[in-house]
Amino acid sequence: MTELIPFQDGGYAFLKGVFPYSQGVRALPGYAIERLRFLRPPPITEGFRAIEAQLKARGRPPTALCAAELRSPRPFSFGGFGAFNEGYVDVLKAWTLYRDGLNPVARSNVAPEIEPPAEPCFYAFCYTVPTTAPADSFVVAGSGEWPEGGRFPEAIVARGDLSPAGLRAKAHWVCDMMQARLAGLGGDWRAASATQVYTVHDLHPFLGDEILARAGNGPGLTWHYCRPPIEGLEYEMDLRRVSVERVI
């Protein structure tokens, strides 16, 4: 697993990921992570403005943004996903978050199967605030069943297999990825305040032994009836431990 890199201007550390996002973030000592969810998700450009205003109202700089949850009208083609990410990261560069080829901001981006948005939008975001409490907040970025950096689509786990065995293999691989990222962040899955899964397929056959066996049944599981952001992927997860959650 990659090293945990401090991002002092944001009050958090991050696991090095790929161009569009990091693999996860953890609050530095003296900070905690909070989450805001939009009741009516705004389009990306409007959403960035809303995030900037919310951070300013809380006395926090744009660099306090540490995680984003996006919603898209439908899964992108592999090339289309890359084009979308260019525009998204341009804003992070302007906010001096993206530096020296490193993106500290974690992210999930999924496509609702029912009532999808007309264009990509922000569903929620996380940011840091000063605190005197122990630094135990973290966000694990979303991952589907494709090893990032592997050949696409050849490296997709159980590619094209929607049988119970194929879906279990996908879920097992993604859960392993969540576990690895947690280890890199020094986090504990059973201490998480929320675990989220994104799929349109039946997860009940492996819910107990693949997911809850690791996550526990404390905060339960939030199942979003959504598809991962790239065509060909079928299962995605993310998780977090945050001190405060609000809906705006």
# chains A, B, ... in the order shown; residues from 1 in each chain; ligands from 1
>>> residues_around(residues="A:Phe19", least_positions_apart="5", cutoff="12 Å", atoms="only C-alpha atoms", output="MDAnalysis selection string")
chainID A and resid 81:90 92:93 98:107 148:149
>>> write_last_selection(atoms="N, CA and C atoms", output="compact mmCIF listing (two decimals), in the first residue's frame")
# COMPACT_ATOMS: atom_id res chain seq x y z
N PHE A 81 -14.74 9.07 -19.26
CA PHE A 81 -14.41 9.26 -17.85
C PHE A 81 -13.14 10.08 -17.70
N GLY A 82 -12.17 9.81 -18.55
CA GLY A 82 -10.93 10.58 -18.52
C GLY A 82 -11.16 12.03 -18.86
N ALA A 83 -11.99 12.29 -19.85
CA ALA A 83 -12.28 13.68 -20.25
C ALA A 83 -12.99 14.42 -19.13
N PHE A 84 -13.96 13.76 -18.48
CA PHE A 84 -14.65 14.39 -17.36
C PHE A 84 -13.67 14.74 -16.24
N ASN A 85 -12.76 13.83 -15.94
CA ASN A 85 -11.82 14.05 -14.85
C ASN A 85 -10.92 15.24 -15.08
N GLU A 86 -10.59 15.53 -16.33
CA GLU A 86 -9.73 16.68 -16.64
C GLU A 86 -10.37 17.97 -16.12
N GLY A 87 -11.65 18.18 -16.42
CA GLY A 87 -12.33 19.39 -15.97
C GLY A 87 -12.47 19.45 -14.47
N TYR A 88 -12.77 18.31 -13.86
CA TYR A 88 -12.90 18.25 -12.39
C TYR A 88 -11.59 18.63 -11.71
N VAL A 89 -10.50 18.06 -12.18
CA VAL A 89 -9.20 18.31 -11.54
C VAL A 89 -8.72 19.73 -11.80
N ASP A 90 -9.15 20.35 -12.90
CA ASP A 90 -8.78 21.75 -13.15
C ASP A 90 -9.19 22.65 -11.98
N LEU A 92 -9.56 21.65 -8.81
CA LEU A 92 -8.67 21.32 -7.69
C LEU A 92 -7.31 21.98 -7.85
N LYS A 93 -6.86 22.11 -9.09
CA LYS A 93 -5.61 22.83 -9.33
C LYS A 93 -5.76 24.31 -8.98
N TYR A 98 -4.45 20.18 -5.96
CA TYR A 98 -3.64 19.29 -6.80
C TYR A 98 -2.28 19.93 -7.00
N ARG A 99 -1.23 19.26 -6.48
CA ARG A 99 0.12 19.82 -6.54
C ARG A 99 1.14 18.75 -6.90
N ASP A 100 2.09 19.12 -7.74
CA ASP A 100 3.22 18.23 -8.06
C ASP A 100 2.75 16.85 -8.52
N GLY A 101 1.66 16.83 -9.28
CA GLY A 101 1.16 15.57 -9.80
C GLY A 101 0.42 14.71 -8.79
N LEU A 102 0.12 15.27 -7.62
CA LEU A 102 -0.57 14.51 -6.57
C LEU A 102 -1.93 15.13 -6.28
N ASN A 103 -2.94 14.28 -6.19
CA ASN A 103 -4.30 14.72 -5.88
C ASN A 103 -4.66 14.17 -4.50
N PRO A 104 -4.82 15.04 -3.48
CA PRO A 104 -5.11 14.54 -2.13
C PRO A 104 -6.58 14.21 -1.89
N VAL A 105 -7.49 14.66 -2.74
CA VAL A 105 -8.92 14.56 -2.47
C VAL A 105 -9.47 13.18 -2.86
N ALA A 106 -10.04 12.48 -1.89
CA ALA A 106 -10.68 11.20 -2.15
C ALA A 106 -11.98 11.43 -2.92
N ARG A 107 -12.52 10.35 -3.56
CA ARG A 107 -13.74 10.56 -4.36
C ARG A 107 -14.47 9.25 -4.61
N GLU A 148 -6.84 -0.30 -10.45
CA GLU A 148 -6.43 0.94 -11.10
C GLU A 148 -5.01 0.80 -11.64
N GLY A 149 -4.84 1.19 -12.88
CA GLY A 149 -3.55 1.03 -13.53
C GLY A 149 -3.46 -0.24 -14.35
>>> select_by_dssp(residues="stretch 7-236 of chain A", states="alpha helix (DSSP H)", output="MDAnalysis selection string")
chainID A and resid 44:57 78:94 164:185 204:206 213:215
>>> write_last_selection(atoms="C-alpha atoms", output="PDB file, in the first residue's frame")
ATOM      1  CA  ILE A  44     -20.435  20.253 -10.833  1.00  0.00           C
ATOM      2  CA  THR A  45     -19.656  23.939 -11.509  1.00  0.00           C
ATOM      3  CA  GLU A  46     -22.441  25.149  -9.231  1.00  0.00           C
ATOM      4  CA  GLY A  47     -21.450  22.535  -6.680  1.00  0.00           C
ATOM      5  CA  PHE A  48     -17.881  23.768  -6.461  1.00  0.00           C
ATOM      6  CA  ARG A  49     -19.210  27.272  -5.817  1.00  0.00           C
ATOM      7  CA  ALA A  50     -21.519  25.934  -3.105  1.00  0.00           C
ATOM      8  CA  ILE A  51     -18.666  24.006  -1.486  1.00  0.00           C
ATOM      9  CA  GLU A  52     -16.441  27.074  -1.495  1.00  0.00           C
ATOM     10  CA  ALA A  53     -19.224  29.105   0.151  1.00  0.00           C
ATOM     11  CA  GLN A  54     -19.868  26.431   2.780  1.00  0.00           C
ATOM     12  CA  LEU A  55     -16.172  26.199   3.630  1.00  0.00           C
ATOM     13  CA  LYS A  56     -15.873  29.973   3.867  1.00  0.00           C
ATOM     14  CA  ALA A  57     -18.907  30.101   6.191  1.00  0.00           C
ATOM     15  CA  PHE A  78     -13.391   4.732 -20.402  1.00  0.00           C
ATOM     16  CA  GLY A  79     -12.355   7.686 -22.582  1.00  0.00           C
ATOM     17  CA  GLY A  80     -15.313   9.799 -21.498  1.00  0.00           C
ATOM     18  CA  PHE A  81     -14.415   9.259 -17.846  1.00  0.00           C
ATOM     19  CA  GLY A  82     -10.929  10.576 -18.519  1.00  0.00           C
ATOM     20  CA  ALA A  83     -12.280  13.676 -20.251  1.00  0.00           C
ATOM     21  CA  PHE A  84     -14.650  14.393 -17.355  1.00  0.00           C
ATOM     22  CA  ASN A  85     -11.823  14.053 -14.849  1.00  0.00           C
ATOM     23  CA  GLU A  86      -9.733  16.683 -16.636  1.00  0.00           C
ATOM     24  CA  GLY A  87     -12.326  19.390 -15.972  1.00  0.00           C
ATOM     25  CA  TYR A  88     -12.900  18.249 -12.393  1.00  0.00           C
ATOM     26  CA  VAL A  89      -9.204  18.310 -11.538  1.00  0.00           C
ATOM     27  CA  ASP A  90      -8.780  21.753 -13.148  1.00  0.00           C
ATOM     28  CA  VAL A  91     -10.790  23.190 -10.243  1.00  0.00           C
ATOM     29  CA  LEU A  92      -8.672  21.319  -7.695  1.00  0.00           C
ATOM     30  CA  LYS A  93      -5.608  22.831  -9.325  1.00  0.00           C
ATOM     31  CA  ALA A  94      -7.103  26.317  -9.092  1.00  0.00           C
ATOM     32  CA  PRO A 164     -23.827 -15.249  -8.173  1.00  0.00           C
ATOM     33  CA  ALA A 165     -20.236 -16.522  -8.235  1.00  0.00           C
ATOM     34  CA  GLY A 166     -19.093 -13.659 -10.454  1.00  0.00           C
ATOM     35  CA  LEU A 167     -20.745 -10.996  -8.295  1.00  0.00           C
ATOM     36  CA  ARG A 168     -19.255 -12.569  -5.176  1.00  0.00           C
ATOM     37  CA  ALA A 169     -15.795 -12.464  -6.753  1.00  0.00           C
ATOM     38  CA  LYS A 170     -16.258  -8.776  -7.562  1.00  0.00           C
ATOM     39  CA  ALA A 171     -17.474  -7.974  -4.038  1.00  0.00           C
ATOM     40  CA  HIS A 172     -14.638  -9.968  -2.468  1.00  0.00           C
ATOM     41  CA  TRP A 173     -12.023  -8.068  -4.481  1.00  0.00           C
ATOM     42  CA  VAL A 174     -13.568  -4.675  -3.645  1.00  0.00           C
ATOM     43  CA  CYS A 175     -13.824  -5.538   0.058  1.00  0.00           C
ATOM     44  CA  ASP A 176     -10.153  -6.529   0.002  1.00  0.00           C
ATOM     45  CA  MET A 177      -9.354  -3.148  -1.561  1.00  0.00           C
ATOM     46  CA  MET A 178     -11.347  -1.351   1.158  1.00  0.00           C
ATOM     47  CA  GLN A 179      -9.420  -3.343   3.777  1.00  0.00           C
ATOM     48  CA  ALA A 180      -6.071  -2.452   2.188  1.00  0.00           C
ATOM     49  CA  ARG A 181      -6.885   1.239   2.027  1.00  0.00           C
ATOM     50  CA  LEU A 182      -8.069   1.154   5.633  1.00  0.00           C
ATOM     51  CA  ALA A 183      -4.762  -0.401   6.653  1.00  0.00           C
ATOM     52  CA  GLY A 184      -2.915   2.385   4.853  1.00  0.00           C
ATOM     53  CA  LEU A 185      -4.973   4.984   6.709  1.00  0.00           C
ATOM     54  CA  HIS A 204     -27.802 -10.626  -0.329  1.00  0.00           C
ATOM     55  CA  PRO A 205     -25.935 -13.875  -1.164  1.00  0.00           C
ATOM     56  CA  PHE A 206     -22.644 -12.359   0.048  1.00  0.00           C
ATOM     57  CA  ALA A 213     -18.158 -10.076   8.447  1.00  0.00           C
ATOM     58  CA  ARG A 214     -15.669  -7.230   7.946  1.00  0.00           C
ATOM     59  CA  ALA A 215     -17.761  -4.131   8.539  1.00  0.00           C
TER      60      ALA A 215
END
>>> select_by_dssp(residues="stretch 30-207 of chain A", states="strand (DSSP E or B)", output="ChimeraX atom specification")
/A:31-37,43,65-71,76,99,102,106-112,121-130,138-144,194-198
>>> closest_residue(among="A:Ala124, A:Ala13, A:Leu39, A:Ile114", to="A:Leu70", atoms="only C-alpha atoms")
A:Ala124
>>> closest_residue(among="A:Leu207, A:Ile156, A:Ala141, A:Val247", to="A:Pro41", atoms="only C-alpha atoms")
A:Val247
>>> atom_distance(atom1="atom CA of A:Pro147", atom2="atom CA of A:Pro116")
26.4 Å
>>> residues_around(residues="A:Leu233", least_positions_apart="3", cutoff="8 Å", atoms="only C-alpha atoms", output="NGL selection string")
:A and (144-146 or 156 or 227-230)
>>> write_last_selection(atoms="C-alpha atoms", output="mmCIF file, in the first residue's frame")
data_model
loop_
_atom_site.group_PDB
_atom_site.id
_atom_site.type_symbol
_atom_site.label_atom_id
_atom_site.label_comp_id
_atom_site.auth_asym_id
_atom_site.auth_seq_id
_atom_site.Cartn_x
_atom_site.Cartn_y
_atom_site.Cartn_z
ATOM 1 C CA GLY A 144 -14.938 -0.755 -8.288
ATOM 2 C CA GLU A 145 -13.699 -4.187 -9.337
ATOM 3 C CA TRP A 146 -10.960 -2.936 -11.634
ATOM 4 C CA ILE A 156 -11.845 -6.207 -14.556
ATOM 5 C CA ARG A 227 -23.796 1.739 -11.117
ATOM 6 C CA PRO A 228 -20.042 2.435 -10.903
ATOM 7 C CA PRO A 229 -18.837 5.331 -13.087
ATOM 8 C CA ILE A 230 -17.314 3.356 -15.995
#
>>> closest_residue(among="A:Gly150, A:Pro61, A:Gly218, A:Gly30", to="A:Asp9", atoms="only C-alpha atoms")
A:Pro61
>>> closest_residue(among="A:Val157, A:Leu221, A:Leu97, A:Val129", to="A:Arg35", atoms="only C-alpha atoms")
A:Val129
>>> residues_around(residues="A:Gly186", least_positions_apart="5", cutoff="12 Å", atoms="only C-alpha atoms", output="VMD selection string")
chain A and resid 1 3 to 4 13 to 15 24 to 28 135 to 140 179 to 181 191 to 192 241
>>> closest_residue(among="A:Phe76, A:Trp95, A:Trp189, A:Phe38", to="A:Phe122", atoms="only C-alpha atoms")
A:Phe38
>>> closest_residue(among="A:Lys16, A:His201, A:His224, A:Arg71", to="A:Arg40", atoms="only C-alpha atoms")
A:Arg71
>>> decode(residues="stretch 169-197 of chain A", atoms="C-alpha atoms", output="PDB file, in the first residue's frame")
ATOM      1  CA  ALA A 169     -15.795 -12.464  -6.753  1.00  0.00           C
ATOM      2  CA  LYS A 170     -16.258  -8.776  -7.562  1.00  0.00           C
ATOM      3  CA  ALA A 171     -17.474  -7.974  -4.038  1.00  0.00           C
ATOM      4  CA  HIS A 172     -14.638  -9.968  -2.468  1.00  0.00           C
ATOM      5  CA  TRP A 173     -12.023  -8.068  -4.481  1.00  0.00           C
ATOM      6  CA  VAL A 174     -13.568  -4.675  -3.645  1.00  0.00           C
ATOM      7  CA  CYS A 175     -13.824  -5.538   0.058  1.00  0.00           C
ATOM      8  CA  ASP A 176     -10.153  -6.529   0.002  1.00  0.00           C
ATOM      9  CA  MET A 177      -9.354  -3.148  -1.561  1.00  0.00           C
ATOM     10  CA  MET A 178     -11.347  -1.351   1.158  1.00  0.00           C
ATOM     11  CA  GLN A 179      -9.420  -3.343   3.777  1.00  0.00           C
ATOM     12  CA  ALA A 180      -6.071  -2.452   2.188  1.00  0.00           C
ATOM     13  CA  ARG A 181      -6.885   1.239   2.027  1.00  0.00           C
ATOM     14  CA  LEU A 182      -8.069   1.154   5.633  1.00  0.00           C
ATOM     15  CA  ALA A 183      -4.762  -0.401   6.653  1.00  0.00           C
ATOM     16  CA  GLY A 184      -2.915   2.385   4.853  1.00  0.00           C
ATOM     17  CA  LEU A 185      -4.973   4.984   6.709  1.00  0.00           C
ATOM     18  CA  GLY A 186      -4.590   3.241  10.057  1.00  0.00           C
ATOM     19  CA  GLY A 187      -8.366   2.873  10.243  1.00  0.00           C
ATOM     20  CA  ASP A 188     -10.670   0.204  11.630  1.00  0.00           C
ATOM     21  CA  TRP A 189     -13.657  -0.871   9.533  1.00  0.00           C
ATOM     22  CA  ARG A 190     -15.727  -1.629  12.629  1.00  0.00           C
ATOM     23  CA  ALA A 191     -15.127   1.927  13.833  1.00  0.00           C
ATOM     24  CA  ALA A 192     -16.543   3.375  10.599  1.00  0.00           C
ATOM     25  CA  SER A 193     -19.624   5.574  10.867  1.00  0.00           C
ATOM     26  CA  ALA A 194     -20.889   4.489   7.427  1.00  0.00           C
ATOM     27  CA  THR A 195     -20.243   1.860   4.762  1.00  0.00           C
ATOM     28  CA  GLN A 196     -21.769   2.413   1.318  1.00  0.00           C
ATOM     29  CA  VAL A 197     -22.219  -0.035  -1.547  1.00  0.00           C
TER      30      VAL A 197
END
